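What follows is the content of upload07.txt (compact mmCIF, C-alpha atoms and all ligand atoms).
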```txt
# COMPACT_ATOMS: atom_id res chain seq x y z
CA MET A 1 -33.77 3.64 -27.62
CA SER A 2 -34.33 0.53 -25.46
CA THR A 3 -33.79 0.65 -21.70
CA ALA A 4 -30.58 -1.32 -22.16
CA ASP A 5 -29.24 1.38 -24.52
CA ALA A 6 -30.11 4.13 -22.08
CA ASN A 7 -28.34 2.43 -19.15
CA MET A 8 -24.64 3.02 -18.79
CA ILE A 9 -22.05 0.76 -17.23
CA PHE A 10 -18.99 2.34 -15.62
CA VAL A 11 -15.71 0.42 -15.86
CA ALA A 12 -13.38 1.44 -13.05
CA THR A 13 -9.69 1.24 -12.23
CA SER A 14 -8.07 2.04 -8.89
CA ASP A 15 -5.09 4.14 -9.92
CA LEU A 16 -1.70 5.09 -8.48
CA ALA A 17 -3.37 7.89 -6.51
CA GLY A 18 -5.68 5.29 -4.94
CA LEU A 19 -8.66 6.88 -6.67
CA VAL A 20 -11.31 5.23 -8.79
CA ARG A 21 -11.40 6.53 -12.32
CA GLY A 22 -12.86 5.09 -15.50
CA LYS A 23 -15.26 5.47 -18.39
CA SER A 24 -18.74 4.27 -19.25
CA PHE A 25 -20.42 2.56 -22.18
CA PRO A 26 -24.02 1.60 -23.02
CA ALA A 27 -25.18 -1.58 -21.28
CA SER A 28 -26.13 -3.03 -24.68
CA GLU A 29 -22.39 -3.26 -25.48
CA TRP A 30 -21.57 -5.37 -22.42
CA GLU A 31 -20.28 -8.48 -24.24
CA LYS A 32 -18.24 -6.51 -26.73
CA ARG A 33 -16.70 -4.28 -24.03
CA CYS A 34 -15.88 -7.27 -21.83
CA GLU A 35 -13.71 -8.50 -24.68
CA ARG A 36 -12.19 -5.26 -25.95
CA GLY A 37 -12.65 -2.77 -23.12
CA VAL A 38 -12.69 1.01 -23.47
CA GLY A 39 -9.76 3.15 -24.59
CA TRP A 40 -7.30 4.28 -21.89
CA THR A 41 -4.21 6.46 -21.93
CA PRO A 42 -0.80 5.67 -20.36
CA THR A 43 -0.28 9.19 -18.99
CA ASN A 44 -3.50 8.83 -16.92
CA VAL A 45 -1.31 6.95 -14.45
CA GLN A 46 0.39 10.25 -13.61
CA ILE A 47 -2.81 12.12 -12.74
CA THR A 48 -2.28 12.91 -9.07
CA CYS A 49 -5.02 13.00 -6.46
CA PHE A 50 -5.14 16.77 -7.06
CA ASP A 51 -5.74 16.18 -10.80
CA THR A 52 -2.39 17.69 -11.71
CA ILE A 53 -0.24 15.61 -14.07
CA ALA A 54 3.12 14.58 -12.64
CA ASP A 55 6.17 14.00 -14.86
CA SER A 56 5.19 11.26 -17.28
CA PRO A 57 7.51 9.17 -19.43
CA PHE A 58 4.58 8.55 -21.80
CA GLY A 59 3.67 12.11 -22.77
CA SER A 60 0.80 12.10 -25.22
CA LEU A 61 1.83 8.74 -26.68
CA GLY A 62 0.34 5.28 -26.54
CA ASP A 63 -2.99 3.53 -26.21
CA LEU A 64 -4.34 0.99 -23.79
CA ALA A 65 -7.63 -0.74 -23.02
CA LEU A 66 -9.47 -0.76 -19.71
CA VAL A 67 -11.19 -4.15 -19.84
CA PRO A 68 -14.08 -5.09 -17.49
CA ASP A 69 -13.67 -8.20 -15.35
CA SER A 70 -17.28 -9.34 -15.73
CA GLY A 71 -17.39 -11.16 -12.38
CA THR A 72 -16.87 -7.92 -10.45
CA ARG A 73 -19.98 -6.10 -11.72
CA PHE A 74 -22.12 -4.54 -9.00
CA GLN A 75 -24.82 -1.93 -8.67
CA LEU A 76 -24.85 1.46 -6.96
CA GLY A 77 -28.33 2.31 -5.72
CA GLN A 78 -31.60 1.00 -7.08
CA GLY A 79 -34.27 2.24 -9.47
CA ALA A 80 -33.86 5.61 -11.20
CA GLY A 81 -30.28 6.86 -10.86
CA ALA A 82 -28.83 3.40 -10.23
CA LEU A 83 -25.54 2.65 -11.93
CA ASP A 84 -23.79 -0.62 -12.72
CA VAL A 85 -20.06 -0.48 -12.03
CA VAL A 86 -17.50 -3.11 -13.00
CA LEU A 87 -13.83 -3.28 -12.03
CA GLY A 88 -11.38 -3.53 -14.89
CA ASP A 89 -7.82 -4.39 -15.80
CA ILE A 90 -5.65 -2.11 -17.90
CA GLN A 91 -4.20 -4.07 -20.81
CA THR A 92 -2.01 -3.36 -23.80
CA LEU A 93 -3.80 -3.39 -27.15
CA GLU A 94 -2.40 -6.92 -27.59
CA GLY A 95 -4.27 -8.02 -24.43
CA ALA A 96 -1.29 -8.35 -22.06
CA PRO A 97 -1.50 -6.94 -18.51
CA TRP A 98 -0.08 -3.38 -18.47
CA GLU A 99 2.87 -3.15 -16.07
CA TYR A 100 1.35 -0.09 -14.29
CA CYS A 101 -2.12 -1.64 -13.78
CA THR A 102 -2.50 -1.84 -10.00
CA ARG A 103 -4.93 -4.79 -10.15
CA ALA A 104 -2.65 -6.75 -12.48
CA ILE A 105 0.27 -6.18 -10.10
CA ALA A 106 -1.74 -7.51 -7.14
CA LYS A 107 -2.75 -10.59 -9.15
CA ARG A 108 0.89 -11.18 -10.10
CA ALA A 109 1.91 -11.02 -6.42
CA LEU A 110 -0.77 -13.60 -5.55
CA THR A 111 0.23 -15.90 -8.40
CA GLU A 112 3.87 -15.78 -7.31
CA LEU A 113 3.02 -16.69 -3.71
CA HIS A 114 0.80 -19.51 -4.87
CA ASP A 115 3.23 -20.91 -7.45
CA LEU A 116 6.20 -20.83 -5.10
CA PHE A 117 4.62 -21.96 -1.84
CA GLY A 118 1.20 -23.44 -2.71
CA ALA A 119 -0.48 -20.79 -0.53
CA SER A 120 -3.47 -18.60 -1.37
CA VAL A 121 -4.21 -15.46 0.62
CA VAL A 122 -7.46 -15.03 2.50
CA SER A 123 -7.77 -11.41 3.58
CA ALA A 124 -10.12 -8.74 4.85
CA PHE A 125 -9.74 -4.97 4.85
CA GLU A 126 -10.93 -3.08 7.92
CA HIS A 127 -11.79 0.52 7.01
CA GLU A 128 -12.17 3.57 9.23
CA PHE A 129 -13.71 6.80 7.98
CA GLN A 130 -15.14 10.00 9.39
CA LEU A 131 -18.14 12.11 8.47
CA LYS A 132 -17.20 15.49 7.07
CA ASP A 133 -18.48 18.76 8.42
CA VAL A 134 -20.83 17.47 11.11
CA PRO A 135 -21.08 18.84 14.66
CA VAL A 136 -19.00 16.83 17.11
CA ARG A 137 -20.60 15.61 20.32
CA ALA A 138 -18.50 14.62 23.36
CA GLY A 139 -19.03 11.17 24.84
CA ASP A 140 -19.54 9.55 21.45
CA SER A 141 -16.55 7.16 21.30
CA PHE A 142 -18.03 3.71 20.65
CA GLY A 143 -21.28 5.36 21.74
CA LEU A 144 -24.84 4.31 21.18
CA LYS A 145 -25.93 7.85 20.27
CA GLY A 146 -23.28 8.13 17.56
CA PHE A 147 -24.23 4.69 16.32
CA ARG A 148 -27.89 5.71 16.15
CA ASP A 149 -26.92 8.85 14.20
CA GLY A 150 -25.50 6.59 11.53
CA GLN A 151 -27.85 3.65 11.74
CA VAL A 152 -30.10 4.48 8.77
CA TRP A 153 -27.27 4.95 6.27
CA ALA A 154 -25.29 2.13 7.87
CA GLU A 155 -28.12 -0.35 7.35
CA ALA A 156 -28.53 0.83 3.76
CA LEU A 157 -24.76 0.47 3.26
CA LEU A 158 -24.61 -3.04 4.69
CA ALA A 159 -27.59 -4.08 2.55
CA GLU A 160 -25.93 -2.75 -0.62
CA LEU A 161 -22.60 -4.34 0.30
CA ALA A 162 -24.33 -7.68 0.77
CA ARG A 163 -25.55 -7.52 -2.84
CA THR A 164 -21.92 -7.38 -4.06
CA SER A 165 -19.03 -9.79 -3.51
CA CYS A 166 -18.58 -8.09 -0.09
CA LYS A 167 -20.02 -9.89 2.89
CA PRO A 168 -20.38 -7.27 5.62
CA ASP A 169 -18.88 -8.33 8.92
CA THR A 170 -19.16 -5.53 11.48
CA PHE A 171 -20.04 -1.85 11.68
CA MET A 172 -19.35 0.43 14.62
CA LYS A 173 -19.01 3.95 15.88
CA GLU A 174 -15.23 4.21 16.27
CA TYR A 175 -13.29 6.17 18.85
CA GLY A 176 -12.70 9.42 16.90
CA PRO A 177 -15.06 12.33 16.25
CA SER A 178 -17.74 11.18 13.76
CA GLN A 179 -15.54 8.18 13.07
CA TYR A 180 -17.02 4.85 11.98
CA GLU A 181 -15.54 1.51 11.03
CA VAL A 182 -16.88 -1.03 8.56
CA THR A 183 -15.40 -4.44 7.86
CA ASN A 184 -15.97 -7.17 5.29
CA LYS A 185 -15.67 -10.88 5.96
CA PRO A 186 -12.46 -12.41 4.61
CA ALA A 187 -12.34 -13.46 0.96
CA GLN A 188 -9.77 -15.32 -1.10
CA ASP A 189 -7.29 -13.97 -3.64
CA ILE A 190 -8.03 -10.80 -5.61
CA THR A 191 -11.71 -10.76 -4.55
CA ALA A 192 -10.74 -9.48 -1.09
CA VAL A 193 -8.87 -6.57 -2.64
CA ASP A 194 -11.69 -5.85 -5.09
CA ASN A 195 -13.96 -5.77 -2.06
CA ALA A 196 -11.91 -2.96 -0.52
CA VAL A 197 -12.42 -0.90 -3.68
CA ILE A 198 -16.14 -1.73 -3.76
CA LEU A 199 -16.55 -0.88 -0.07
CA ARG A 200 -15.04 2.59 -0.52
CA ILE A 201 -17.15 3.32 -3.61
CA LEU A 202 -20.36 2.15 -1.94
CA THR A 203 -19.71 3.93 1.35
CA ASP A 204 -19.22 7.24 -0.41
CA ASP A 205 -22.23 6.68 -2.66
CA VAL A 206 -24.72 5.44 -0.07
CA LEU A 207 -23.82 8.13 2.45
CA ARG A 208 -24.12 10.91 -0.12
CA ARG A 209 -27.57 9.60 -1.00
CA HIS A 210 -28.40 9.98 2.70
CA GLY A 211 -27.11 13.56 2.84
CA VAL A 212 -23.86 12.86 4.71
CA ALA A 213 -20.32 12.77 3.37
CA ALA A 214 -17.61 10.27 4.33
CA SER A 215 -13.87 10.83 4.25
CA PHE A 216 -11.42 7.92 4.41
CA SER A 217 -8.50 10.36 4.40
CA PRO A 218 -5.63 9.16 6.66
CA ILE A 219 -6.17 12.03 9.10
CA LEU A 220 -8.62 14.94 9.01
CA ASP A 221 -7.06 17.03 11.75
CA PRO A 222 -3.35 16.94 12.67
CA GLU A 223 -4.30 16.97 16.36
CA SER A 224 -6.90 14.21 16.19
CA VAL A 225 -7.16 10.49 15.38
CA GLY A 226 -6.28 8.81 12.11
CA ASN A 227 -8.31 6.63 9.77
CA GLY A 228 -6.55 3.34 9.22
CA VAL A 229 -6.96 0.48 6.79
CA HIS A 230 -5.93 -2.70 8.59
CA ILE A 231 -5.47 -5.67 6.28
CA HIS A 232 -6.02 -9.06 7.91
CA PHE A 233 -4.14 -11.99 6.40
CA SER A 234 -4.35 -15.76 6.56
CA PHE A 235 -3.37 -18.52 4.13
CA VAL A 236 -4.98 -21.66 2.74
CA GLY A 237 -3.60 -24.48 0.61
CA ASP A 238 -5.18 -25.76 -2.61
CA ASP A 239 -7.17 -28.27 -0.53
CA GLY A 240 -8.67 -25.36 1.44
CA GLU A 241 -6.77 -26.35 4.62
CA PRO A 242 -5.51 -23.41 6.73
CA LEU A 243 -1.74 -22.81 6.65
CA THR A 244 -1.46 -19.86 9.05
CA HIS A 245 -1.51 -21.51 12.47
CA ASP A 246 0.77 -23.88 14.36
CA ALA A 247 -0.24 -24.72 17.92
CA SER A 248 3.35 -25.60 18.83
CA ASP A 249 4.56 -22.01 18.26
CA PRO A 250 4.30 -19.84 21.42
CA HIS A 251 2.34 -17.23 19.45
CA GLY A 252 0.52 -19.69 17.18
CA MET A 253 2.34 -18.81 13.96
CA SER A 254 3.14 -21.44 11.34
CA THR A 255 6.60 -21.26 9.77
CA LEU A 256 5.01 -19.83 6.60
CA THR A 257 3.32 -17.10 8.65
CA ARG A 258 6.47 -16.26 10.60
CA HIS A 259 8.59 -15.90 7.49
CA PHE A 260 5.90 -13.93 5.63
CA ILE A 261 5.71 -11.48 8.54
CA GLY A 262 9.53 -11.44 8.73
CA GLY A 263 9.67 -10.36 5.08
CA VAL A 264 7.02 -7.67 5.56
CA LEU A 265 8.73 -6.16 8.63
CA GLU A 266 12.20 -6.27 7.09
CA HIS A 267 10.95 -4.29 4.08
CA LEU A 268 8.32 -2.15 5.75
CA ASP A 269 10.31 1.08 5.50
CA GLN A 270 10.88 0.39 1.78
CA ILE A 271 7.23 -0.37 0.93
CA LEU A 272 5.69 2.25 3.22
CA ALA A 273 5.32 4.81 0.42
CA LEU A 274 2.95 2.32 -1.25
CA LEU A 275 0.97 1.63 1.95
CA ALA A 276 0.78 5.13 3.41
CA PRO A 277 1.27 7.23 0.29
CA SER A 278 0.02 10.73 1.11
CA ALA A 279 1.94 13.60 2.69
CA ILE A 280 -0.40 13.49 5.71
CA SER A 281 -0.18 9.69 6.16
CA TYR A 282 2.85 10.34 8.36
CA LEU A 283 0.87 12.39 10.86
CA ARG A 284 -1.08 9.19 11.53
CA LEU A 285 1.96 6.90 11.73
CA THR A 286 3.19 8.31 15.04
CA PRO A 287 3.36 6.61 18.45
CA HIS A 288 0.21 6.42 20.60
CA ARG A 289 -2.23 6.67 17.71
CA TRP A 290 -2.78 2.91 17.61
CA SER A 291 -1.43 2.85 14.07
CA ALA A 292 2.19 1.90 13.28
CA ALA A 293 5.41 3.72 14.10
CA PHE A 294 8.00 0.90 14.28
CA ASN A 295 8.61 -2.25 12.26
CA ASN A 296 7.37 -4.42 15.11
CA LEU A 297 5.20 -7.48 15.44
CA GLY A 298 2.75 -7.12 18.29
CA TYR A 299 1.04 -9.92 20.10
CA ARG A 300 -2.49 -8.60 20.58
CA ASP A 301 -0.91 -5.14 20.62
CA ARG A 302 -2.67 -2.40 18.64
CA GLU A 303 0.43 -0.21 18.56
CA ALA A 304 2.25 -2.54 16.16
CA SER A 305 2.77 -2.50 12.40
CA VAL A 306 1.81 -6.16 12.29
CA ARG A 307 -0.43 -7.57 14.97
CA ILE A 308 -1.26 -11.18 15.78
CA CYS A 309 -5.01 -11.01 16.28
CA PRO A 310 -6.97 -12.83 18.98
CA VAL A 311 -9.26 -15.73 18.03
CA SER A 312 -12.65 -16.43 19.58
CA ALA A 313 -12.78 -20.10 18.47
CA ARG A 314 -12.17 -22.84 21.04
CA ASP A 315 -11.51 -26.06 19.14
CA SER A 316 -8.25 -26.58 17.32
CA ASP A 317 -9.68 -26.78 13.77
CA ALA A 318 -11.67 -23.59 14.19
CA ILE A 319 -8.67 -21.81 15.79
CA ALA A 320 -6.46 -22.78 12.84
CA ARG A 321 -9.06 -21.43 10.42
CA GLN A 322 -9.65 -18.15 12.29
CA PHE A 323 -6.03 -17.39 13.19
CA ASN A 324 -4.85 -14.27 11.36
CA PHE A 325 -2.56 -11.29 11.61
CA GLU A 326 -3.14 -7.74 10.45
CA VAL A 327 -0.92 -5.13 8.81
CA ARG A 328 -1.86 -1.79 10.37
CA ALA A 329 0.36 0.70 8.54
CA VAL A 330 -1.96 1.06 5.52
CA ASP A 331 -4.34 3.95 4.83
CA ALA A 332 -6.97 4.71 2.23
CA ALA A 333 -4.83 7.10 0.19
CA ALA A 334 -3.24 3.88 -1.11
CA SER A 335 -4.74 1.87 -3.89
CA PRO A 336 -5.74 -1.35 -2.09
CA TYR A 337 -4.11 -3.27 -4.94
CA LEU A 338 -0.71 -1.59 -4.54
CA ALA A 339 -0.63 -1.83 -0.74
CA PHE A 340 -1.69 -5.47 -0.92
CA ALA A 341 0.81 -6.33 -3.67
CA ALA A 342 3.67 -4.73 -1.73
CA ILE A 343 2.81 -6.74 1.39
CA VAL A 344 2.45 -10.01 -0.52
CA PHE A 345 5.70 -9.50 -2.46
CA ALA A 346 7.55 -8.69 0.78
CA GLY A 347 5.94 -11.70 2.50
CA SER A 348 6.92 -14.05 -0.35
CA HIS A 349 10.46 -12.71 -0.15
CA GLY A 350 10.43 -13.47 3.58
CA ILE A 351 9.28 -17.06 2.96
CA ARG A 352 11.87 -17.58 0.21
CA HIS A 353 14.69 -16.28 2.42
CA GLN A 354 13.30 -17.71 5.69
CA ILE A 355 13.37 -14.32 7.40
CA GLU A 356 12.51 -14.47 11.10
CA PRO A 357 10.49 -11.54 12.50
CA PRO A 358 11.72 -9.85 15.70
CA ALA A 359 10.19 -11.30 18.87
CA PRO A 360 6.58 -10.07 19.35
CA THR A 361 6.26 -6.96 21.50
CA GLN A 362 3.74 -6.12 24.21
CA GLU A 363 5.21 -2.80 25.28
CA ASP A 364 5.53 0.86 24.33
CA LEU A 365 8.49 1.03 21.93
CA SER A 366 8.48 4.83 21.93
CA LEU A 367 10.01 4.65 25.43
CA LEU A 368 13.16 2.91 24.12
CA SER A 369 16.28 4.81 23.12
CA SER A 370 17.45 4.47 19.52
CA ASP A 371 20.32 2.23 20.73
CA GLU A 372 17.92 -0.09 22.52
CA LEU A 373 15.65 -0.16 19.47
CA ALA A 374 18.54 -1.01 17.15
CA LYS A 375 19.84 -3.73 19.51
CA ARG A 376 16.46 -5.47 19.31
CA GLY A 377 16.15 -5.12 15.54
CA PHE A 378 13.56 -2.33 15.50
CA LYS A 379 13.50 0.70 13.23
CA ARG A 380 11.41 3.83 13.52
CA LEU A 381 9.49 3.90 10.24
CA PRO A 382 9.97 6.82 7.80
CA GLN A 383 8.42 9.95 9.26
CA SER A 384 7.48 11.75 6.06
CA LEU A 385 6.45 10.83 2.54
CA GLU A 386 9.79 12.24 1.35
CA GLN A 387 11.68 9.81 3.64
CA ALA A 388 9.46 6.90 2.57
CA LEU A 389 10.03 7.71 -1.11
CA ALA A 390 13.81 7.80 -0.55
CA ALA A 391 13.63 4.32 1.05
CA LEU A 392 11.53 3.06 -1.88
CA ASP A 393 13.90 4.62 -4.39
CA GLY A 394 16.89 2.83 -2.87
CA SER A 395 15.19 -0.57 -2.55
CA LYS A 396 16.58 -3.18 -4.94
CA ALA A 397 14.01 -5.63 -3.58
CA VAL A 398 11.01 -3.45 -4.41
CA ARG A 399 12.47 -2.66 -7.84
CA ASP A 400 12.73 -6.42 -8.46
CA TRP A 401 9.14 -7.07 -7.41
CA PHE A 402 7.36 -4.13 -9.07
CA GLY A 403 9.80 -3.43 -11.91
CA SER A 404 12.26 -0.55 -11.83
CA ASP A 405 10.25 1.53 -14.33
CA PHE A 406 7.16 1.23 -12.17
CA VAL A 407 9.06 2.45 -9.10
CA ASP A 408 10.44 5.46 -11.02
CA VAL A 409 6.98 6.38 -12.34
CA TYR A 410 5.44 5.98 -8.88
CA ILE A 411 8.07 8.22 -7.29
CA ALA A 412 7.56 10.87 -10.00
CA HIS A 413 3.81 10.66 -9.38
CA LYS A 414 4.23 11.24 -5.65
CA LYS A 415 6.70 14.09 -6.20
CA GLY A 416 4.06 15.74 -8.37
CA GLU A 417 1.57 15.34 -5.53
CA LEU A 418 4.01 16.87 -3.02
CA GLN A 419 4.65 19.82 -5.32
CA HIS A 420 0.99 20.75 -5.18
CA LEU A 421 1.18 20.99 -1.37
CA GLU A 422 4.15 23.35 -1.19
CA GLY A 423 3.58 26.35 1.05
CA ARG A 424 0.55 24.92 2.91
CA ASP A 425 0.49 24.16 6.62
CA TRP A 426 -0.58 20.76 7.95
CA THR A 427 -4.17 21.81 8.54
CA GLY A 428 -4.35 23.11 4.98
CA LYS A 429 -2.92 19.83 3.67
CA CYS A 430 -5.40 17.77 5.72
CA ASN A 431 -8.27 19.89 4.38
CA LEU A 432 -7.24 19.16 0.80
CA TYR A 433 -6.94 15.39 1.29
CA LYS A 434 -10.19 15.29 3.28
CA GLU A 435 -12.18 16.27 0.18
CA ILE A 436 -10.45 13.71 -2.05
CA TYR A 437 -10.38 10.42 -0.11
N1 LIG B 501 -7.51 4.71 14.18
C1 LIG B 501 -6.40 3.80 14.30
C2 LIG B 501 -5.56 3.84 13.02
O1 LIG B 501 -5.35 4.91 12.52
C3 LIG B 501 -6.83 2.39 14.63
C4 LIG B 501 -7.67 2.21 15.86
C5 LIG B 501 -8.06 0.74 16.05
O2 LIG B 501 -9.07 0.35 15.46
O3 LIG B 501 -7.32 -0.01 16.66
O4 LIG B 501 -5.09 2.85 12.51
MG MG B 502 -10.62 0.56 14.24
```
Output the file's structure as C-alpha cells, nothing else.
Ligand code: GLU
Ligand code: MG
Amino acid sequence: MSTADANMIFVATSDLAGLVRGKSFPASEWEKRCERGVGWTPTNVQITCFDTIADSPFGSLGDLALVPDSGTRFQLGQGAGALDVVLGDIQTLEGAPWEYCTRAIAKRALTELHDLFGASVVSAFEHEFQLKDVPVRAGDSFGLKGFRDGQVWAEALLAELARTSCKPDTFMKEYGPSQYEVTNKPAQDITAVDNAVILRILTDDVLRRHGVAASFSPILDPESVGNGVHIHFSFVGDDGEPLTHDASDPHGMSTLTRHFIGGVLEHLDQILALLAPSAISYLRLTPHRWSAAFNNLGYRDREASVRICPVSARDSDAIARQFNFEVRAVDAAASPYLAFAAIVFAGSHGIRHQIEPPAPTQEDLSLLSSDELAKRGFKRLPQSLEQALAALDGSKAVRDWFGSDFVDVYIAHKKGELQHLEGRDWTGKCNLYKEIY
C-alpha cells in the first residue's frame, strides 16, 4: 500500500445540530470523490446533538452524496496522526443541491442577495469558548496570567488556522472563567462561513492535542457568562467597492445597510431558533449578559442584537472599507451556515421591502416597561427554545426563504432534542451541551 492509500481524507458537513459529521475515503481516490462524493443518508439530518433520531419524514429511504468542495481542504495537525479534512455539499444523486444541506442554503442566500442587489457579503465570525474542567482563578478577566496559561496552544492554533483559508485576527483571554475569544479576519461569500466551521474544528483539535478541552457551548453554568458567536457584516459591489457606509447618515449606515438591518431586526424573533438553537441558548440571551435580549440596533452598544461597530480608520476610504455591524444573538450550537443564511435572507427581505430599523439605542432596554418598549418598536426576544420554535413555525417569511418542508423538518429535529432533556434541571442541561459543543 502506498502512503497515499494509507492516508484518509475526511469529508465533512455541518448539520442541523450544528455538528460536524462525515465520512472518509483513501487519499488516492481524491479526484473521483471530488466528482461523486461519498454516500449519505437523508435521515442523518434528524440526528440530534444527543445522537437520538428525531421524527424523520425520510425513514430508511433515499440516497444522497456528500461531495467535497476541493478548495476547502485543510489539514489537522502535522506528521503522524495528521488528517486532511474537506468541507462538502450534500447533493442528490443527480448532482443538485439537497434542500436540507446547510451549506447549499447559505450559498443560495448569498446568490439571492447578489443577484437582487449586486452586493456580496464580507463577514467574520467572532467565537468565544471556555476550557472545560480546569481550576478557576480569580482576577483572570482579560488577564495576562490567563493569557499565558493558554499561550502555547493559542500560538499553535493561530499557526494552524493561518495554514487554512482562515486568517487569524485576534486572540484574547475573555471576561468569563477560562473563557477565550478567537477571531478570523473578514472573508467574502461562503468562505467566511466555511472559516467558522474550520475554526471550531481546529480549536477543538489543537487544544485536545495540548491536553486541554474547549467548549463553545452557549453557556456552561446557568449563573455565569455565555459564549457568543458574533457575526460581523459588511458589503462590497462587484467592483470591490464598499457598500456598507454612508458618511451622510448620522450613524454611518448606507441605505443598503439600514434596510438589511431593518429586515434582520423585524424577523429576529422568527429566525432566532436558527441562530440560538439549543435549549440553554436562552439562558445566555438575557439582559446584562452583553448578548441580545431585544430586537434592537445598538450604536457601539454591546447589549444589542445588532451593533454598529466602531472603526479605527481615519480617512474616508478606509472608514468605508472597515465600517461593519455585528449580529450578536448567535451561538455555536447553530450551524454557521444556517445562522448566516437566516440573517442574509432576512436582510435581503429588508432591502427588498425597504424596512427601516428602529433608531439605534444607547441605553438599558430592560428598564423600560412593555408599553414603552412596544411604543418604540422593540420586542423582547423569545425566552425559550419552545417560544422561538413557535415563532419560526408561524413565520410565512422564513417558510418562503428556507422552504416549508425544511422548516417542518428543523422543528421536528429540535423537538427531538428537547425531548431528550425532559426532567433535567438547567445545570444538568448545561452539562450535557458542554460536552457536545
Ligand atoms: N459573552 C458575551 C456573549 O455571550 C459577549 C461579550 C463580548 O465580547 O462583548 O455574547
Ligand atoms: Mg467577546
**OP:** Residues within 6 Å of ligand LIG 501 (chain B) should be enumerated using all atoms listed in the file and returned as an NGL selection string.
**Re:** :A and (225-228 or 290-291 or 302)
Subject >> Within 8 Å of A:Cys166 using all atoms listed in the file, minus same-chain residues under 2 positions, as a count of residues only >> reply: 10
Subject >> Nearby residues, ligand MG 502 (chain B), 10 Å, only C-alpha atoms and all ligand atoms, as a ChimeraX atom specification >> reply: /A:126-129,172-176,179-183,226-230,290-291,302,328
Original post:
Which residues, written as a VMD selection string, have at least one atom at most 10 Å from A:Trp98, with all atoms listed in the file counted and residues fewer than 3 positions away on the same chain left out?
Top reply: chain A and resid 42 64 to 66 89 to 93 95 101 to 105
Original post:
How many Å lie between atom CA of A:Leu243 and atom CA of A:Ala332, rounded to one decimal?
Top reply: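 We find that atom CA of A:Leu243 and atom CA of A:Ala332 lie 28.4 Å from each other.
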Subject >> Residue nearest A:Leu207 - candidates A:Thr111, A:Phe294, A:Leu76, A:Ser224, atoms counted: all atoms listed in the file >> reply: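 Residue with the minimum atom-to-atom distance to A:Leu207: A:Leu76.
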Subject >> Among listed residues A:Gln383, A:Ser316, A:Gln188, A:Asn296, nearest A:Tyr282 (using all atoms listed in the file) >> reply: A:Gln383
Got a sec to check which residues sit within 10 Å of (-12.9, -6.5, -6.3), counting all atoms listed in the file, and write them as a PDB file with C-alpha atoms, in the frame of the given file?
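The resulting file, point-v4.pdb, is reproduced below:
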```pdb
ATOM      1  CA  ASP A  69     -13.670  -8.200 -15.350  1.00  0.00           C
ATOM      2  CA  GLY A  71     -17.390 -11.160 -12.380  1.00  0.00           C
ATOM      3  CA  THR A  72     -16.870  -7.920 -10.450  1.00  0.00           C
ATOM      4  CA  ARG A  73     -19.980  -6.100 -11.720  1.00  0.00           C
ATOM      5  CA  PHE A  74     -22.120  -4.540  -9.000  1.00  0.00           C
ATOM      6  CA  VAL A  86     -17.500  -3.110 -13.000  1.00  0.00           C
ATOM      7  CA  LEU A  87     -13.830  -3.280 -12.030  1.00  0.00           C
ATOM      8  CA  GLY A  88     -11.380  -3.530 -14.890  1.00  0.00           C
ATOM      9  CA  ARG A 103      -4.930  -4.790 -10.150  1.00  0.00           C
ATOM     10  CA  THR A 164     -21.920  -7.380  -4.060  1.00  0.00           C
ATOM     11  CA  SER A 165     -19.030  -9.790  -3.510  1.00  0.00           C
ATOM     12  CA  CYS A 166     -18.580  -8.090  -0.090  1.00  0.00           C
ATOM     13  CA  ASP A 189      -7.290 -13.970  -3.640  1.00  0.00           C
ATOM     14  CA  ILE A 190      -8.030 -10.800  -5.610  1.00  0.00           C
ATOM     15  CA  THR A 191     -11.710 -10.760  -4.550  1.00  0.00           C
ATOM     16  CA  ALA A 192     -10.740  -9.480  -1.090  1.00  0.00           C
ATOM     17  CA  VAL A 193      -8.870  -6.570  -2.640  1.00  0.00           C
ATOM     18  CA  ASP A 194     -11.690  -5.850  -5.090  1.00  0.00           C
ATOM     19  CA  ASN A 195     -13.960  -5.770  -2.060  1.00  0.00           C
ATOM     20  CA  ALA A 196     -11.910  -2.960  -0.520  1.00  0.00           C
ATOM     21  CA  VAL A 197     -12.420  -0.900  -3.680  1.00  0.00           C
ATOM     22  CA  ILE A 198     -16.140  -1.730  -3.760  1.00  0.00           C
ATOM     23  CA  LEU A 199     -16.550  -0.880  -0.070  1.00  0.00           C
ATOM     24  CA  PRO A 336      -5.740  -1.350  -2.090  1.00  0.00           C
ATOM     25  CA  TYR A 337      -4.110  -3.270  -4.940  1.00  0.00           C
TER      26      TYR A 337
END
```
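Residues in contact with A:His251 at up to 10 Å, not including ones fewer than 5 positions away on its chain and judged by all atoms listed in the file, are A:His245, A:Asp246, A:Arg258, A:Tyr299, A:Arg300, A:Ile308, A:Ala359, A:Pro360.
Taking atom CA of A:Gln387 and atom CA of A:Arg352 as the two end points, the separation is 27.6 Å.
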Can you rebuild stretch 418-424 of chain A with N, CA and C atoms and give it as a PDB file, in the frame of the given file?
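Dumped everything to out23.pdb:
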```
ATOM      1  N   LEU A 418       3.389  16.034  -4.059  1.00  0.00           N
ATOM      2  CA  LEU A 418       4.010  16.870  -3.020  1.00  0.00           C
ATOM      3  C   LEU A 418       4.166  18.320  -3.485  1.00  0.00           C
ATOM      4  N   GLN A 419       4.464  18.465  -4.774  1.00  0.00           N
ATOM      5  CA  GLN A 419       4.650  19.820  -5.320  1.00  0.00           C
ATOM      6  C   GLN A 419       3.393  20.666  -5.105  1.00  0.00           C
ATOM      7  N   HIS A 420       2.250  20.025  -5.291  1.00  0.00           N
ATOM      8  CA  HIS A 420       0.990  20.750  -5.180  1.00  0.00           C
ATOM      9  C   HIS A 420       0.753  21.258  -3.745  1.00  0.00           C
ATOM     10  N   LEU A 421       1.422  20.640  -2.777  1.00  0.00           N
ATOM     11  CA  LEU A 421       1.180  20.990  -1.370  1.00  0.00           C
ATOM     12  C   LEU A 421       2.131  22.060  -0.848  1.00  0.00           C
ATOM     13  N   GLU A 422       3.119  22.411  -1.670  1.00  0.00           N
ATOM     14  CA  GLU A 422       4.150  23.350  -1.190  1.00  0.00           C
ATOM     15  C   GLU A 422       3.516  24.631  -0.658  1.00  0.00           C
ATOM     16  N   GLY A 423       4.029  25.082   0.492  1.00  0.00           N
ATOM     17  CA  GLY A 423       3.580  26.350   1.050  1.00  0.00           C
ATOM     18  C   GLY A 423       2.331  26.233   1.933  1.00  0.00           C
ATOM     19  N   ARG A 424       1.751  25.058   2.050  1.00  0.00           N
ATOM     20  CA  ARG A 424       0.550  24.920   2.910  1.00  0.00           C
ATOM     21  C   ARG A 424       0.949  24.368   4.264  1.00  0.00           C
TER      22      ARG A 424
END
```
